[in-house]
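Colleague: Provided below: final.tsv, containing TSV, C-alpha atoms and all ligand atoms.
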```tsv
chain	number	residue	atom	x	y	z
A	30	MET	CA	-38.64	-30.54	-24.91
A	31	PRO	CA	-35.54	-29.29	-22.99
A	32	MET	CA	-35.15	-25.52	-22.94
A	33	SER	CA	-31.75	-23.78	-22.45
A	34	ARG	CA	-31.31	-20.16	-21.48
A	35	THR	CA	-28.21	-18.17	-20.49
A	36	ALA	CA	-27.83	-15.24	-18.09
A	37	VAL	CA	-24.88	-13.12	-17.02
A	38	ALA	CA	-24.29	-11.21	-13.78
A	39	HIS	CA	-21.53	-9.09	-12.31
A	40	PRO	CA	-20.31	-9.53	-8.74
A	41	ASN	CA	-20.81	-6.74	-6.23
A	42	ILE	CA	-18.56	-5.32	-3.55
A	43	ALA	CA	-20.29	-4.36	-0.31
A	44	LEU	CA	-19.42	-0.91	1.01
A	45	CYS	CA	-21.54	-1.54	4.11
A	46	LYS	CA	-21.22	-5.24	4.84
A	47	TYR	CA	-23.55	-8.16	5.48
A	48	TRP	CA	-21.98	-10.43	8.10
A	49	GLY	CA	-24.41	-12.56	10.06
A	50	LYS	CA	-27.88	-14.06	9.69
A	51	ARG	CA	-30.93	-13.54	11.83
A	52	ASP	CA	-32.62	-16.51	10.13
A	53	ALA	CA	-30.43	-19.20	8.58
A	54	GLU	CA	-33.24	-21.08	6.78
A	55	LEU	CA	-34.58	-17.98	4.99
A	56	ASN	CA	-31.08	-16.44	4.85
A	57	LEU	CA	-32.15	-13.16	6.38
A	58	PRO	CA	-29.38	-10.74	7.38
A	59	SER	CA	-28.69	-9.31	10.83
A	60	THR	CA	-27.73	-6.00	9.20
A	61	PRO	CA	-28.74	-3.99	6.15
A	62	SER	CA	-25.99	-3.62	3.54
A	63	LEU	CA	-25.10	-1.47	0.53
A	64	SER	CA	-22.96	-2.42	-2.45
A	65	LEU	CA	-21.60	-1.47	-5.85
A	66	THR	CA	-22.07	-3.91	-8.73
A	67	VAL	CA	-18.75	-4.13	-10.58
A	68	ALA	CA	-17.76	-4.82	-14.20
A	69	PRO	CA	-16.14	-6.35	-16.16
A	70	PHE	CA	-15.90	-9.39	-13.82
A	71	ARG	CA	-18.78	-11.66	-14.79
A	72	THR	CA	-20.48	-15.01	-14.24
A	73	ARG	CA	-22.17	-16.69	-17.21
A	74	THR	CA	-24.70	-19.42	-16.46
A	75	THR	CA	-26.74	-21.64	-18.77
A	76	VAL	CA	-29.66	-23.68	-17.40
A	77	THR	CA	-31.21	-26.50	-19.42
A	78	TRP	CA	-34.64	-27.26	-17.97
A	79	GLY	CA	-35.93	-30.75	-18.71
A	80	ALA	CA	-32.62	-32.60	-19.35
A	81	ASP	CA	-32.04	-36.38	-18.99
A	82	ALA	CA	-30.42	-36.06	-15.55
A	83	ASP	CA	-29.22	-33.41	-13.10
A	84	GLN	CA	-25.71	-32.17	-13.84
A	85	VAL	CA	-23.74	-29.14	-12.66
A	86	VAL	CA	-20.63	-28.02	-14.54
A	87	PHE	CA	-18.67	-25.44	-12.60
A	88	ASN	CA	-15.84	-23.63	-14.40
A	89	GLY	CA	-15.63	-26.46	-16.95
A	90	ALA	CA	-15.59	-29.39	-14.49
A	91	ALA	CA	-18.49	-31.58	-13.32
A	92	ASN	CA	-19.34	-30.75	-9.70
A	93	THR	CA	-21.18	-33.08	-7.34
A	94	GLY	CA	-20.27	-31.32	-4.09
A	95	SER	CA	-22.07	-28.87	-1.84
A	96	GLU	CA	-21.99	-26.09	-4.49
A	97	ALA	CA	-23.90	-28.32	-6.92
A	98	ARG	CA	-26.44	-29.22	-4.24
A	99	LYS	CA	-27.05	-25.55	-3.43
A	100	ILE	CA	-27.46	-24.72	-7.12
A	101	LEU	CA	-30.01	-27.51	-7.68
A	102	LEU	CA	-31.83	-26.60	-4.44
A	103	THR	CA	-32.28	-23.07	-5.80
A	104	LEU	CA	-33.88	-24.51	-8.95
A	105	ASP	CA	-36.11	-26.73	-6.73
A	106	ARG	CA	-37.31	-23.60	-4.94
A	107	LEU	CA	-37.89	-21.82	-8.23
A	108	ALA	CA	-40.21	-24.60	-9.40
A	109	ALA	CA	-41.86	-24.85	-5.96
A	110	ALA	CA	-42.68	-21.13	-6.06
A	111	ARG	CA	-45.06	-22.01	-8.90
A	112	GLY	CA	-46.24	-25.20	-7.19
A	113	GLU	CA	-44.40	-27.44	-9.63
A	114	ALA	CA	-41.85	-30.23	-9.29
A	115	ARG	CA	-38.53	-29.58	-10.97
A	116	PRO	CA	-37.50	-31.73	-13.95
A	117	PRO	CA	-33.83	-32.80	-14.28
A	118	CYS	CA	-31.62	-29.81	-15.15
A	119	VAL	CA	-28.14	-29.17	-16.49
A	120	VAL	CA	-26.41	-26.06	-15.13
A	121	GLU	CA	-23.20	-24.82	-16.72
A	122	THR	CA	-21.66	-21.88	-14.91
A	123	ALA	CA	-18.30	-20.15	-15.26
A	124	ASN	CA	-16.62	-17.10	-13.76
A	125	ASP	CA	-14.06	-15.02	-15.66
A	126	PHE	CA	-12.42	-14.09	-12.31
A	127	PRO	CA	-11.14	-16.08	-9.27
A	128	THR	CA	-13.87	-18.21	-7.64
A	129	ALA	CA	-14.49	-18.25	-3.85
A	130	ALA	CA	-11.57	-15.89	-3.18
A	131	GLY	CA	-13.59	-13.18	-1.49
A	132	LEU	CA	-14.41	-11.57	-4.83
A	133	ALA	CA	-18.15	-12.20	-4.60
A	134	SER	CA	-18.35	-15.12	-7.05
A	135	SER	CA	-21.34	-16.57	-5.17
A	136	ALA	CA	-23.14	-13.23	-5.58
A	137	SER	CA	-22.87	-13.14	-9.37
A	138	GLY	CA	-23.33	-16.93	-9.50
A	139	PHE	CA	-26.73	-17.11	-7.81
A	140	ALA	CA	-27.93	-13.93	-9.54
A	141	ALA	CA	-27.19	-15.42	-12.97
A	142	LEU	CA	-28.64	-18.79	-11.89
A	143	VAL	CA	-32.08	-17.51	-10.88
A	144	LEU	CA	-32.41	-15.45	-14.07
A	145	ALA	CA	-31.34	-18.31	-16.36
A	146	GLY	CA	-33.49	-20.81	-14.42
A	147	ASN	CA	-36.51	-18.54	-14.59
A	148	ALA	CA	-36.12	-18.04	-18.34
A	149	ALA	CA	-35.43	-21.73	-19.12
A	150	SER	CA	-38.35	-22.97	-17.00
A	151	GLY	CA	-40.87	-20.49	-18.36
A	152	LEU	CA	-42.16	-20.16	-14.78
A	153	ASP	CA	-41.97	-16.39	-15.08
A	154	LEU	CA	-41.52	-15.30	-11.46
A	155	VAL	CA	-41.70	-11.59	-10.65
A	156	PRO	CA	-38.32	-9.83	-10.06
A	157	SER	CA	-38.81	-9.53	-6.27
A	158	ALA	CA	-39.45	-13.30	-6.03
A	159	LEU	CA	-36.26	-13.96	-8.01
A	160	ALA	CA	-34.35	-11.57	-5.74
A	161	VAL	CA	-35.55	-13.54	-2.69
A	162	LEU	CA	-34.53	-16.83	-4.33
A	163	ALA	CA	-31.07	-15.40	-5.06
A	164	ARG	CA	-30.82	-14.28	-1.42
A	165	ARG	CA	-31.63	-17.77	-0.20
A	166	GLY	CA	-28.84	-19.17	-2.40
A	167	SER	CA	-26.28	-16.64	-1.15
A	168	GLY	CA	-27.23	-13.43	0.63
A	169	SER	CA	-25.00	-11.09	-1.34
A	170	ALA	CA	-26.48	-12.45	-4.62
A	171	THR	CA	-29.67	-10.49	-4.07
A	172	ARG	CA	-27.61	-7.32	-4.64
A	173	SER	CA	-26.06	-8.58	-7.93
A	174	LEU	CA	-29.37	-8.70	-9.79
A	175	GLN	CA	-29.32	-4.91	-9.89
A	176	GLY	CA	-26.71	-2.68	-11.51
A	177	GLY	CA	-24.89	0.18	-9.84
A	178	TRP	CA	-25.53	1.12	-6.20
A	179	VAL	CA	-27.74	-1.35	-4.37
A	180	GLU	CA	-29.19	-1.57	-0.89
A	181	TRP	CA	-30.35	-4.78	0.79
A	182	ALA	CA	-32.70	-3.96	3.66
A	183	MET	CA	-33.30	-6.28	6.61
A	184	GLY	CA	-37.01	-6.33	5.73
A	185	ASP	CA	-40.03	-7.88	7.44
A	186	PRO	CA	-39.77	-10.92	9.71
A	187	ASP	CA	-40.73	-13.28	6.84
A	188	GLY	CA	-38.17	-11.63	4.55
A	189	ALA	CA	-40.44	-11.28	1.50
A	190	ASP	CA	-39.19	-7.70	1.12
A	191	SER	CA	-35.56	-8.37	2.14
A	192	HIS	CA	-33.76	-8.18	-1.19
A	193	GLY	CA	-31.55	-5.90	-3.27
A	194	VAL	CA	-33.09	-2.60	-4.38
A	195	GLN	CA	-31.26	-0.15	-6.62
A	196	VAL	CA	-30.30	3.17	-4.98
A	197	ALA	CA	-28.79	4.59	-8.19
A	198	PRO	CA	-27.81	3.06	-11.56
A	199	ALA	CA	-24.24	2.40	-12.70
A	200	ASP	CA	-24.02	5.66	-14.67
A	201	HIS	CA	-24.99	7.75	-11.63
A	202	TRP	CA	-21.36	8.07	-10.57
A	203	ASP	CA	-18.14	7.20	-12.39
A	204	VAL	CA	-16.01	5.74	-9.59
A	205	ARG	CA	-13.40	2.97	-9.70
A	206	MET	CA	-12.93	-0.17	-7.61
A	207	LEU	CA	-9.33	-1.40	-7.66
A	208	VAL	CA	-8.88	-5.09	-6.86
A	209	VAL	CA	-5.59	-5.93	-5.18
A	210	LEU	CA	-5.29	-9.67	-5.80
A	211	VAL	CA	-3.34	-11.00	-2.84
A	212	ARG	CA	-4.37	-14.67	-3.33
A	213	SER	CA	-6.49	-16.17	-6.13
A	214	GLY	CA	-7.14	-19.58	-4.50
A	215	PRO	CA	-10.33	-20.40	-2.59
A	216	LYS	CA	-10.59	-18.97	0.91
A	217	GLU	CA	-9.84	-21.16	3.92
A	218	ILE	CA	-13.18	-20.49	5.64
A	219	GLY	CA	-16.35	-19.90	3.60
A	220	SER	CA	-18.36	-16.77	4.37
A	221	THR	CA	-21.36	-18.70	5.74
A	222	GLU	CA	-19.17	-20.59	8.20
A	223	GLY	CA	-17.13	-17.49	9.07
A	224	MET	CA	-20.18	-15.37	9.83
A	225	ASN	CA	-21.95	-18.10	11.83
A	226	HIS	CA	-18.85	-18.64	13.94
A	227	THR	CA	-18.46	-14.88	14.48
A	228	MET	CA	-22.11	-14.61	15.59
A	229	GLN	CA	-21.74	-17.49	18.01
A	230	THR	CA	-18.41	-16.61	19.62
A	231	SER	CA	-17.42	-12.96	19.15
A	232	PRO	CA	-18.17	-10.57	22.03
A	233	TYR	CA	-17.85	-7.75	19.47
A	234	TYR	CA	-20.62	-9.11	17.26
A	235	PRO	CA	-23.50	-7.18	18.93
A	236	ALA	CA	-21.56	-3.94	18.48
A	237	TRP	CA	-21.11	-4.74	14.79
A	238	VAL	CA	-24.85	-5.26	14.35
A	239	ALA	CA	-25.75	-2.12	16.33
A	240	GLN	CA	-23.77	0.29	14.17
A	241	ALA	CA	-24.81	-1.06	10.76
A	242	PRO	CA	-28.20	0.64	10.14
A	243	ALA	CA	-26.80	4.16	10.68
A	244	ASP	CA	-23.85	3.37	8.37
A	245	VAL	CA	-26.19	2.30	5.57
A	246	GLU	CA	-28.32	5.43	6.00
A	247	GLU	CA	-25.23	7.62	5.75
A	248	ALA	CA	-23.73	5.64	2.87
A	249	ARG	CA	-26.96	5.93	0.86
A	250	ALA	CA	-26.96	9.71	1.38
A	251	ALA	CA	-23.30	9.89	0.35
A	252	VAL	CA	-23.99	7.89	-2.84
A	253	LEU	CA	-26.91	10.13	-3.79
A	254	ALA	CA	-24.79	13.25	-3.10
A	255	ARG	CA	-21.77	11.74	-4.91
A	256	ASP	CA	-19.67	12.52	-1.83
A	257	LEU	CA	-16.71	10.17	-2.23
A	258	GLU	CA	-14.84	11.18	0.91
A	259	ARG	CA	-17.88	10.54	3.09
A	260	LEU	CA	-18.70	7.25	1.38
A	261	GLY	CA	-15.06	6.18	1.51
A	262	ARG	CA	-14.80	6.79	5.23
A	263	ILE	CA	-17.91	4.68	5.90
A	264	THR	CA	-16.68	1.96	3.51
A	265	GLU	CA	-13.31	1.50	5.18
A	266	ARG	CA	-14.83	1.72	8.66
A	267	SER	CA	-17.52	-0.90	7.87
A	268	ALA	CA	-14.94	-3.39	6.56
A	269	LEU	CA	-12.55	-2.89	9.48
A	270	ARG	CA	-15.36	-3.21	12.02
A	271	MET	CA	-16.60	-6.41	10.36
A	272	HIS	CA	-13.08	-7.83	10.47
A	273	ALA	CA	-12.68	-6.66	14.07
A	274	SER	CA	-15.74	-8.74	15.00
A	275	MET	CA	-14.11	-11.77	13.29
A	276	LEU	CA	-10.75	-11.19	14.98
A	277	ALA	CA	-12.53	-11.29	18.34
A	278	ALA	CA	-14.21	-14.65	17.57
A	279	ASP	CA	-12.98	-17.76	19.38
A	280	PRO	CA	-10.93	-19.07	17.66
A	281	ALA	CA	-10.38	-15.94	15.55
A	282	VAL	CA	-11.41	-15.79	11.90
A	283	VAL	CA	-8.38	-14.23	10.18
A	284	TYR	CA	-8.61	-13.73	6.43
A	285	TRP	CA	-5.68	-11.30	6.27
A	286	LYS	CA	-2.29	-12.06	4.74
A	287	PRO	CA	0.83	-9.85	4.99
A	288	GLU	CA	0.04	-8.27	1.60
A	289	THR	CA	-3.45	-7.38	2.88
A	290	VAL	CA	-1.90	-5.17	5.54
A	291	LEU	CA	0.63	-3.80	3.05
A	292	ALA	CA	-2.19	-2.75	0.70
A	293	LEU	CA	-4.11	-1.10	3.54
A	294	GLU	CA	-0.99	0.80	4.56
A	295	ILE	CA	-0.35	2.02	1.00
A	296	VAL	CA	-3.95	3.26	0.67
A	297	ARG	CA	-3.72	5.14	3.98
A	298	THR	CA	-0.37	6.68	3.06
A	299	ALA	CA	-1.62	7.68	-0.39
A	300	ARG	CA	-4.59	9.37	1.25
A	301	LYS	CA	-2.26	11.53	3.33
A	302	ALA	CA	-0.53	12.48	0.07
A	303	GLY	CA	-3.87	13.58	-1.42
A	304	LEU	CA	-4.97	10.47	-3.35
A	305	GLY	CA	-8.56	9.63	-2.38
A	306	GLY	CA	-8.83	5.85	-1.96
A	307	TRP	CA	-10.61	3.79	0.71
A	308	ALA	CA	-10.05	0.08	1.28
A	309	THR	CA	-12.50	-2.72	1.89
A	310	MET	CA	-12.05	-6.48	2.35
A	311	ASP	CA	-14.48	-9.39	2.37
A	312	ALA	CA	-14.17	-13.05	3.34
A	313	GLY	CA	-10.69	-13.38	1.89
A	314	PRO	CA	-7.30	-11.63	1.86
A	315	ASN	CA	-7.89	-9.54	-1.27
A	316	VAL	CA	-8.26	-5.79	-0.88
A	317	LYS	CA	-10.56	-3.58	-2.94
A	318	VAL	CA	-10.05	0.15	-3.11
A	319	LEU	CA	-12.91	2.56	-3.79
A	320	CYS	CA	-11.58	5.68	-5.51
A	321	GLY	CA	-12.35	8.38	-8.05
A	322	ALA	CA	-11.51	7.84	-11.72
A	323	GLY	CA	-8.84	10.56	-11.50
A	324	ASP	CA	-7.00	9.02	-8.53
A	325	ALA	CA	-7.12	5.41	-9.81
A	326	PRO	CA	-3.84	5.59	-11.85
A	327	GLY	CA	-1.86	7.11	-8.94
A	328	LEU	CA	-3.18	4.54	-6.47
A	329	THR	CA	-2.50	1.72	-8.94
A	330	ASP	CA	1.11	2.93	-9.37
A	331	ALA	CA	1.62	3.08	-5.60
A	332	LEU	CA	0.24	-0.46	-5.10
A	333	GLN	CA	2.17	-1.91	-8.07
A	334	ALA	CA	5.40	-0.26	-6.90
A	335	ALA	CA	5.10	-2.45	-3.79
A	336	GLY	CA	4.81	-5.57	-6.00
A	337	LEU	CA	1.03	-5.93	-5.68
A	338	SER	CA	-1.20	-6.97	-8.59
A	339	VAL	CA	-4.02	-4.54	-9.37
A	340	GLN	CA	-7.09	-4.74	-11.62
A	341	THR	CA	-9.48	-1.85	-12.23
A	342	LEU	CA	-13.25	-2.35	-12.05
A	343	VAL	CA	-16.00	0.11	-12.92
A	344	PRO	CA	-19.70	0.32	-11.94
A	345	GLY	CA	-21.56	-2.53	-13.66
A	346	GLY	CA	-25.06	-2.95	-15.01
A	347	PRO	CA	-27.83	-5.36	-13.94
A	348	ALA	CA	-27.84	-9.11	-14.42
A	349	CYS	CA	-29.62	-10.11	-17.61
A	350	VAL	CA	-30.70	-13.00	-19.81
A	351	THR	CA	-28.53	-13.02	-22.93
A	352	GLU	CA	-29.57	-16.06	-24.97
B	1	LIG	C1	-18.03	-10.48	3.53
B	1	LIG	O1	-23.34	-13.68	0.64
B	1	LIG	O2	-21.29	-15.15	0.56
B	1	LIG	O3	-18.80	-10.57	1.28
B	1	LIG	O4	-25.39	-15.70	2.45
B	1	LIG	O5	-23.89	-17.26	3.65
B	1	LIG	O6	-23.87	-17.21	1.13
B	1	LIG	P1	-24.08	-16.42	2.42
B	1	LIG	O7	-22.91	-15.33	2.48
B	1	LIG	P2	-22.28	-14.38	1.37
B	1	LIG	O8	-21.53	-13.37	2.34
B	1	LIG	C2	-20.95	-12.19	1.90
B	1	LIG	C3	-20.15	-11.61	2.99
B	1	LIG	C4	-19.25	-10.46	2.61
B	1	LIG	C5	-19.94	-9.12	2.82
B	1	LIG	C6	-20.98	-8.71	1.81
B	1	LIG	O9	-20.88	-9.07	0.62
B	1	LIG	O10	-21.90	-7.97	2.21
```
Re-express the file's structure as structure tokens.
Modeller:
Amino acid sequence: MPMSRTAVAHPNIALCKYWGKRDAELNLPSTPSLSLTVAPFRTRTTVTWGADADQVVFNGAANTGSEARKILLTLDRLAAARGEARPPCVVETANDFPTAAGLASSASGFAALVLAGNAASGLDLVPSALAVLARRGSGSATRSLQGGWVEWAMGDPDGADSHGVQVAPADHWDVRMLVVLVRSGPKEIGSTEGMNHTMQTSPYYPAWVAQAPADVEEARAAVLARDLERLGRITERSALRMHASMLAADPAVVYWKPETVLALEIVRTARKAGLGGWATMDAGPNVKVLCGAGDAPGLTDALQAAGLSVQTLVPGGPACVTE
């Protein structure tokens, strides 16, 4: 008897970034990271366990490419964790925001997938096992299972404890994350490829890894103390250092577009004028701005006045099974 279950998950934006793997097979990070889960952006995924044949439908279209293979591999691992073989499955997944544009669609995608797969299969894995499965699908996904402020530690050598852990829930602190949408199309270089290439060729990569643990320690303290200026400074610094390591790769990994630099400049100028906003960027040209609720309208006006498109996100809750 086929069983269908649906789960939803929000993406997350890393304030202290993950960029590089110490173990590619287990998908273990070279650095700890810390993120904010953001709403209302959302992935909705339905898994039918025990269908006639495997099928993956991605944003309304059948997918037989590498994304579909990774999705089905995650369900294979889910079944294997209980010592079972996986039956054919249908996976229907859709994002209500741009996919693969550096807006963390793989994070919300794999978080929703493991929850829906777990519910549909009845295998009933414990949350930490699901968080490890999400990590193996896409590292940042392990942070999207939790709401609010989430830390992903490097963990033991085998990685059983390397997964997202909540530092504070969404309602701990009412901040805003502005998304400056510079490009909505898929990025030119995927994050896995970009980080592997940076690791292999950038002379700045060891420096990036060395500074990360202290940044996460300080960011966690700033979150708990609700100290936005301190957290903002670490956030912007972590993103710029991650991109510096990419720019020094050979050949360079350059995700920036002219509007990326324009947005950074506006945020820095606004800061001098007293508006507290701090920028971060991921594997794509879009800029996100961490700010207080009170400064969000002023920063939005400044960015829009330069012709940039801005959406406002708020702290989001945990991933959950809905149907
Ligand atoms: C720049 O989690 O997409 O967004 O584990 O290879 O799937 P894989 O990478 P992914 O990388 C995210 C990189 C980042 C920073 C971050 O989210 O921490």
Colleague: Give, as lines of an AutoDock Vina configuration file, the centre coordinates and the x, y and z edge lengths in Å to one decimal for an axis-aligned box around all listed atoms of stretch 152-161 of chain A, padded by 6 Å on each side.
Modeller:
```
center_x = -38.3
center_y = -14.8
center_z = -8.9
size_x = 19.8
size_y = 22.6
size_z = 24.4
```
Colleague: What is the distance, in Å and to one decimal place, between atom CA of A:Gln84 and atom CA of A:Ser134?
Modeller: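 We find that atom CA of A:Gln84 and atom CA of A:Ser134 lie 19.8 Å from each other.
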Colleague: Distance limit 6 Å, reference ligand LIG 1 (chain B), atoms considered: only C-alpha atoms and all ligand atoms. Which residues make the cut? Give them as an NGL selection string.
Modeller: :A and (43 or 46-48 or 135 or 167-169 or 220-221 or 311-312)
Colleague: Neighbours of A:Val211 within 12 Å (all atoms listed in the file; same-chain residues fewer than 3 positions away dropped), as an MDAnalysis selection string?
Modeller: chainID A and resid 127 130:132 208 214:216 284:293 310 313:317 332:333 336:340
Colleague: Counting all atoms listed in the file, which residue out of A:Ala278, A:Met32, A:Leu342, A:Ala273 sits closest to A:Val209?
Modeller: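 Among the listed residues, A:Leu342 lies closest to A:Val209.
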Colleague: In Å to one decimal, how far is atom CA of A:Val179 from atom CA of A:Ala109?
Modeller: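 The value is 27.5 Å.
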Colleague: Rounded to one decimal in Å, what is the spacing between atom CA of A:Cys349 and atom CA of A:Ala141?
Modeller: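 Going from atom CA of A:Cys349 over to atom CA of A:Ala141, I get 7.5 Å.
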Colleague: Pick out the residues sitting within 8 Å of stretch 302-307 of chain A, and hand them over as a ChimeraX atom specification; count all atoms listed in the file, and ignore anything fewer than 4 positions along from it in its own chain.
Modeller: /A:258,261-262,264-265,296-298,318-321,324,327-328
Colleague: Missing atoms in stretch 87-98 of chain A should be modelled up to N, CA and C atoms and reported as a PDB file, in the coordinates of the input.
Modeller:
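Produced file result-v2.pdb, reproduced below:
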```
ATOM      1  N   PHE A  87     -19.118 -26.647 -13.272  1.00  0.00           N
ATOM      2  CA  PHE A  87     -18.670 -25.440 -12.600  1.00  0.00           C
ATOM      3  C   PHE A  87     -17.275 -25.103 -13.119  1.00  0.00           C
ATOM      4  N   ASN A  88     -17.126 -23.995 -13.796  1.00  0.00           N
ATOM      5  CA  ASN A  88     -15.840 -23.630 -14.400  1.00  0.00           C
ATOM      6  C   ASN A  88     -15.250 -24.775 -15.225  1.00  0.00           C
ATOM      7  N   GLY A  89     -16.103 -25.436 -16.013  1.00  0.00           N
ATOM      8  CA  GLY A  89     -15.630 -26.460 -16.950  1.00  0.00           C
ATOM      9  C   GLY A  89     -15.519 -27.864 -16.382  1.00  0.00           C
ATOM     10  N   ALA A  90     -15.731 -28.049 -15.075  1.00  0.00           N
ATOM     11  CA  ALA A  90     -15.590 -29.390 -14.490  1.00  0.00           C
ATOM     12  C   ALA A  90     -16.902 -29.798 -13.817  1.00  0.00           C
ATOM     13  N   ALA A  91     -17.268 -31.083 -13.974  1.00  0.00           N
ATOM     14  CA  ALA A  91     -18.490 -31.580 -13.320  1.00  0.00           C
ATOM     15  C   ALA A  91     -18.341 -31.441 -11.814  1.00  0.00           C
ATOM     16  N   ASN A  92     -19.391 -30.970 -11.149  1.00  0.00           N
ATOM     17  CA  ASN A  92     -19.340 -30.750  -9.700  1.00  0.00           C
ATOM     18  C   ASN A  92     -20.478 -31.529  -9.057  1.00  0.00           C
ATOM     19  N   THR A  93     -20.126 -32.336  -8.040  1.00  0.00           N
ATOM     20  CA  THR A  93     -21.180 -33.080  -7.340  1.00  0.00           C
ATOM     21  C   THR A  93     -21.156 -32.740  -5.850  1.00  0.00           C
ATOM     22  N   GLY A  94     -20.437 -31.684  -5.494  1.00  0.00           N
ATOM     23  CA  GLY A  94     -20.270 -31.320  -4.090  1.00  0.00           C
ATOM     24  C   GLY A  94     -21.377 -30.411  -3.582  1.00  0.00           C
ATOM     25  N   SER A  95     -21.059 -29.695  -2.500  1.00  0.00           N
ATOM     26  CA  SER A  95     -22.070 -28.870  -1.840  1.00  0.00           C
ATOM     27  C   SER A  95     -22.514 -27.693  -2.729  1.00  0.00           C
ATOM     28  N   GLU A  96     -21.588 -27.188  -3.590  1.00  0.00           N
ATOM     29  CA  GLU A  96     -21.990 -26.090  -4.490  1.00  0.00           C
ATOM     30  C   GLU A  96     -23.093 -26.574  -5.428  1.00  0.00           C
ATOM     31  N   ALA A  97     -22.897 -27.785  -5.985  1.00  0.00           N
ATOM     32  CA  ALA A  97     -23.900 -28.320  -6.920  1.00  0.00           C
ATOM     33  C   ALA A  97     -25.230 -28.518  -6.212  1.00  0.00           C
ATOM     34  N   ARG A  98     -25.174 -29.006  -4.974  1.00  0.00           N
ATOM     35  CA  ARG A  98     -26.440 -29.220  -4.240  1.00  0.00           C
ATOM     36  C   ARG A  98     -27.172 -27.909  -4.017  1.00  0.00           C
TER      37      ARG A  98
END
```
